[in-house]
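**Q** Here's a structure for you.
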Amino acid sequence: MHADQDLISIPPTIAGKHARAWRLDFIAILALLERRRDEMTVIVTWLIEAVWASKTGEAHSYKISLGHLRPVACMPDAVIYLEGATHQIVVEALDPRYPRQFALDKGDFAVIEPANFAAQMVKSSDAAAEIAIGVAVRMICDGVLNPDAEWRANWAAIFGDNMMTGHEED
């Protein structure tokens with residue numbers, strides 16, 4: 001389904017010249033899932049519509065998630081790839097066959113495997129990590145940073161390549 005046929009009913013959080021981005025409402029999603037904030041590692045998730053990003057046209061939208069790496073009682077401990085890492089970013093292409101509005105409403109994304117990019121980072125706080133992700137989202141909306149897998153080297157230049165195994169030459 002093309003982005004023009006998969007309309008999102010709410011205005012974007014960020015509307016740039018080259019892309020639009022929606023920040024998920026995690027408070028509403030947690031209530032829907034009957035979960036508490038301290039049961040989750042996710043800090044923020046963005047849905048980004050960047051039709052220009054994929055050369056193949058396979059994807060028109062992307063998900064960027066930021067999570068903390070602190071222990072959570074109901075989950076296994078995170079695997080640490082970077083000594084002292086506190087946070088992790090994951091960039092994934094969305095499967096265009098599934099409606100994005102459902103993803104925004106329910107926090108349930110159909111993604112294309114494998115992830116386009118993932119890295120761990122050391123930040124002083126969740127807020128500092130969230131600012132770094134927000135800058136990347138703004139860069140996509142401005143057409144400066146491409147979320148597609150072919151551009152993972154650009155992401156590595158910003159966030160490091162500590163989780164990039166088997167893709168270093170891409």
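Residues are referred to by chain and number: the chain letter is A, B, ... according to the order shown in the structure tokens, the number counts from 1 in that chain, and ligands are numbered separately from 1 in the order shown.
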Quick one: residues within 12 Å of segment 95-99 of chain A, only C-alpha atoms counted, chain neighbours fewer than 4 positions away excluded, as an MDAnalysis selection string?

**A** chainID A and resid 1:9 47 49 51 57:63 103:115

**Q** Would you output that residue set with C-alpha atoms, as a PDB file, in the first residue's frame?

**A**
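Wrote it out as part.pdb, contents follow:
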```pdb
ATOM      1  CA  MET A   1       0.000   0.000   0.000  1.00  0.00           C
ATOM      2  CA  HIS A   2       1.451   3.370  -0.994  1.00  0.00           C
ATOM      3  CA  ALA A   3       1.656   6.185   1.556  1.00  0.00           C
ATOM      4  CA  ASP A   4      -1.088   8.085  -0.316  1.00  0.00           C
ATOM      5  CA  GLN A   5      -3.470   5.167   0.286  1.00  0.00           C
ATOM      6  CA  ASP A   6      -2.399   4.619   3.894  1.00  0.00           C
ATOM      7  CA  LEU A   7      -3.425   7.928   5.395  1.00  0.00           C
ATOM      8  CA  ILE A   8      -2.769   8.837   9.018  1.00  0.00           C
ATOM      9  CA  SER A   9      -5.611  10.668  10.721  1.00  0.00           C
ATOM     10  CA  LEU A  47       6.933   6.651  12.808  1.00  0.00           C
ATOM     11  CA  GLU A  49       7.032   8.785   6.358  1.00  0.00           C
ATOM     12  CA  VAL A  51       8.760   8.176   0.544  1.00  0.00           C
ATOM     13  CA  GLY A  57      10.356   1.664  -3.284  1.00  0.00           C
ATOM     14  CA  GLU A  58      10.001  -1.327  -0.968  1.00  0.00           C
ATOM     15  CA  ALA A  59       9.285   0.917   2.031  1.00  0.00           C
ATOM     16  CA  HIS A  60       7.845   4.393   2.395  1.00  0.00           C
ATOM     17  CA  SER A  61       7.802   4.587   6.184  1.00  0.00           C
ATOM     18  CA  TYR A  62      10.162   3.772   8.995  1.00  0.00           C
ATOM     19  CA  LYS A  63      10.159   3.213  12.742  1.00  0.00           C
ATOM     20  CA  ALA A 103       0.803   1.110  14.452  1.00  0.00           C
ATOM     21  CA  LEU A 104       0.364   4.611  15.853  1.00  0.00           C
ATOM     22  CA  ASP A 105      -2.737   3.668  17.829  1.00  0.00           C
ATOM     23  CA  LYS A 106      -1.566   0.304  19.179  1.00  0.00           C
ATOM     24  CA  GLY A 107       2.233   0.544  19.094  1.00  0.00           C
ATOM     25  CA  ASP A 108       2.248  -2.630  17.001  1.00  0.00           C
ATOM     26  CA  PHE A 109       4.476  -2.328  13.931  1.00  0.00           C
ATOM     27  CA  ALA A 110       4.928  -4.708  11.013  1.00  0.00           C
ATOM     28  CA  VAL A 111       8.584  -4.256  10.108  1.00  0.00           C
ATOM     29  CA  ILE A 112      10.777  -5.566   7.321  1.00  0.00           C
ATOM     30  CA  GLU A 113      13.606  -7.708   8.705  1.00  0.00           C
ATOM     31  CA  PRO A 114      16.465  -7.189   9.339  1.00  0.00           C
ATOM     32  CA  ALA A 115      16.637  -3.771  10.974  1.00  0.00           C
TER      33      ALA A 115
END
```

**Q** Give me every strand (DSSP E) residue in segment 43-117 of chain A, going by DSSP on the backbone, as an MDAnalysis selection string.

**A** chainID A and resid 43:49 61:68 87:94 111:117

**Q** How many Å lie between atom CA of Thr13 of chain A and atom CA of Ala127 of chain A, rounded to one decimal?

**A** 17.5 Å

**Q** Fewer than 5 positions away in the same chain doesn't count, so skip those; otherwise give me all residues within 8 Å of Gly160 of chain A, counting only C-alpha atoms, as a list in words.

**A** Ala119, Gln120, Met121 and Trp155 of chain A

**Q** Using atom CA of Thr56 of chain A and atom CA of Asn116 of chain A as the two end points, give the distance in Å to one decimal.

**A**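 One can read the atom CA of Thr56 of chain A to atom CA of Asn116 of chain A distance as 14.2 Å.
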
**Q** Could you list, as a short mmCIF file (atom, residue, chain, number, x, y, z; two decimals) with N, CA and C atoms, in the first residue's frame, every residue within 12 Å of Ile10 of chain A, counting only C-alpha atoms and ignoring same-chain residues fewer than 5 positions away?

**A**
```
data_model
loop_
_atom_site.label_atom_id
_atom_site.label_comp_id
_atom_site.auth_asym_id
_atom_site.auth_seq_id
_atom_site.Cartn_x
_atom_site.Cartn_y
_atom_site.Cartn_z
N ARG A 20 7.62 13.39 7.03
CA ARG A 20 6.77 13.71 8.18
C ARG A 20 7.02 12.65 9.25
N ALA A 21 6.89 13.06 10.52
CA ALA A 21 7.17 12.14 11.61
C ALA A 21 6.12 12.29 12.71
N TRP A 22 5.72 11.15 13.25
CA TRP A 22 4.75 11.08 14.34
C TRP A 22 5.42 10.44 15.54
N ARG A 23 5.32 11.08 16.68
CA ARG A 23 5.81 10.51 17.93
C ARG A 23 4.66 9.73 18.55
N LEU A 24 4.90 8.46 18.88
CA LEU A 24 3.85 7.64 19.47
C LEU A 24 3.47 8.15 20.86
N ASP A 25 2.20 8.05 21.17
CA ASP A 25 1.68 8.42 22.48
C ASP A 25 1.78 7.19 23.39
N ARG A 100 -0.46 2.11 8.85
CA ARG A 100 0.35 2.85 9.82
C ARG A 100 -0.49 3.41 10.96
N GLN A 101 -1.75 3.73 10.70
CA GLN A 101 -2.59 4.27 11.77
C GLN A 101 -2.71 3.24 12.89
N PHE A 102 -2.83 1.96 12.55
CA PHE A 102 -2.89 0.90 13.55
C PHE A 102 -1.62 0.91 14.39
N LEU A 104 0.38 3.44 14.98
CA LEU A 104 0.36 4.61 15.85
C LEU A 104 -0.58 4.42 17.03
N ASP A 105 -1.73 3.84 16.78
CA ASP A 105 -2.74 3.67 17.83
C ASP A 105 -2.37 2.57 18.82
#
```

**Q** Using only C-alpha atoms, find the one residue out of A:Val79, A:Ala19, A:Ala85, A:Ala157 that sits nearest to Phe117 of chain A.

**A**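 Looking only at the distances to Phe117 of chain A, the closest residue turns out to be A:Ala157.
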
**Q** Neighbouring residues of Asp148 of chain A were defined as those with any atom within 7 Å, considering only C-alpha atoms; residues of the same chain fewer than 3 positions away were excluded. Please report them as a list in words.

**A** Ala53, Ser54, Asn116 and Trp151 of chain A

**Q** Now that the selection is made, can you save its residues with C-alpha atoms as a PDB file, in the first residue's frame?

**A**
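This is the output file result_14.pdb:
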```pdb
ATOM      1  CA  ALA A  53      14.288   7.301   1.107  1.00  0.00           C
ATOM      2  CA  SER A  54      14.058   3.869  -0.548  1.00  0.00           C
ATOM      3  CA  ASN A 116      18.181  -1.008   8.862  1.00  0.00           C
ATOM      4  CA  TRP A 151      22.657   4.585   4.264  1.00  0.00           C
TER       5      TRP A 151
END
```

**Q** Might you pull out every residue within 6 Å of segment 66-70 of chain A, with only C-alpha atoms counted and same-chain residues fewer than 4 positions away left off, and present them as a PyMOL selection string?

**A** chain A and resi 41-44+78+86-89

**Q** For Pro71 of chain A, which residue among A:Met163, A:Met40, A:Ala15, A:Ile140 is the nearest when counting only C-alpha atoms?

**A**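 So, comparing all the options, the nearest one is A:Met40.
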
**Q** If you measure from atom CA of Glu92 of chain A to atom CA of Thr45 of chain A, what distance in Å do you get, rounded to one decimal?

**A**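 So the two atoms, atom CA of Glu92 of chain A and atom CA of Thr45 of chain A, lie 11.0 Å apart.
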
**Q** Would you kindly return, as a list in words, each protein, DNA or RNA residue with an atom no farther than 8 Å from any atom of His18 of chain A, considering only C-alpha atoms and excluding same-chain residues fewer than 3 positions away?

**A** Ala50, Trp52, Ile140, Cys141, Asp142 and Gly143 of chain A

**Q** Print the selection's residues with C-alpha atoms to a file, as a compact mmCIF listing (two decimals), in the first residue's frame.

**A**
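The new file part16.txt reads:
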```
# COMPACT_ATOMS: atom_id res chain seq x y z
CA ALA A 50 9.96 9.30 3.98
CA TRP A 52 12.00 9.44 -1.07
CA ILE A 140 15.27 12.85 8.07
CA CYS A 141 12.39 15.31 7.77
CA ASP A 142 14.83 17.88 6.36
CA GLY A 143 16.19 15.34 3.84
```
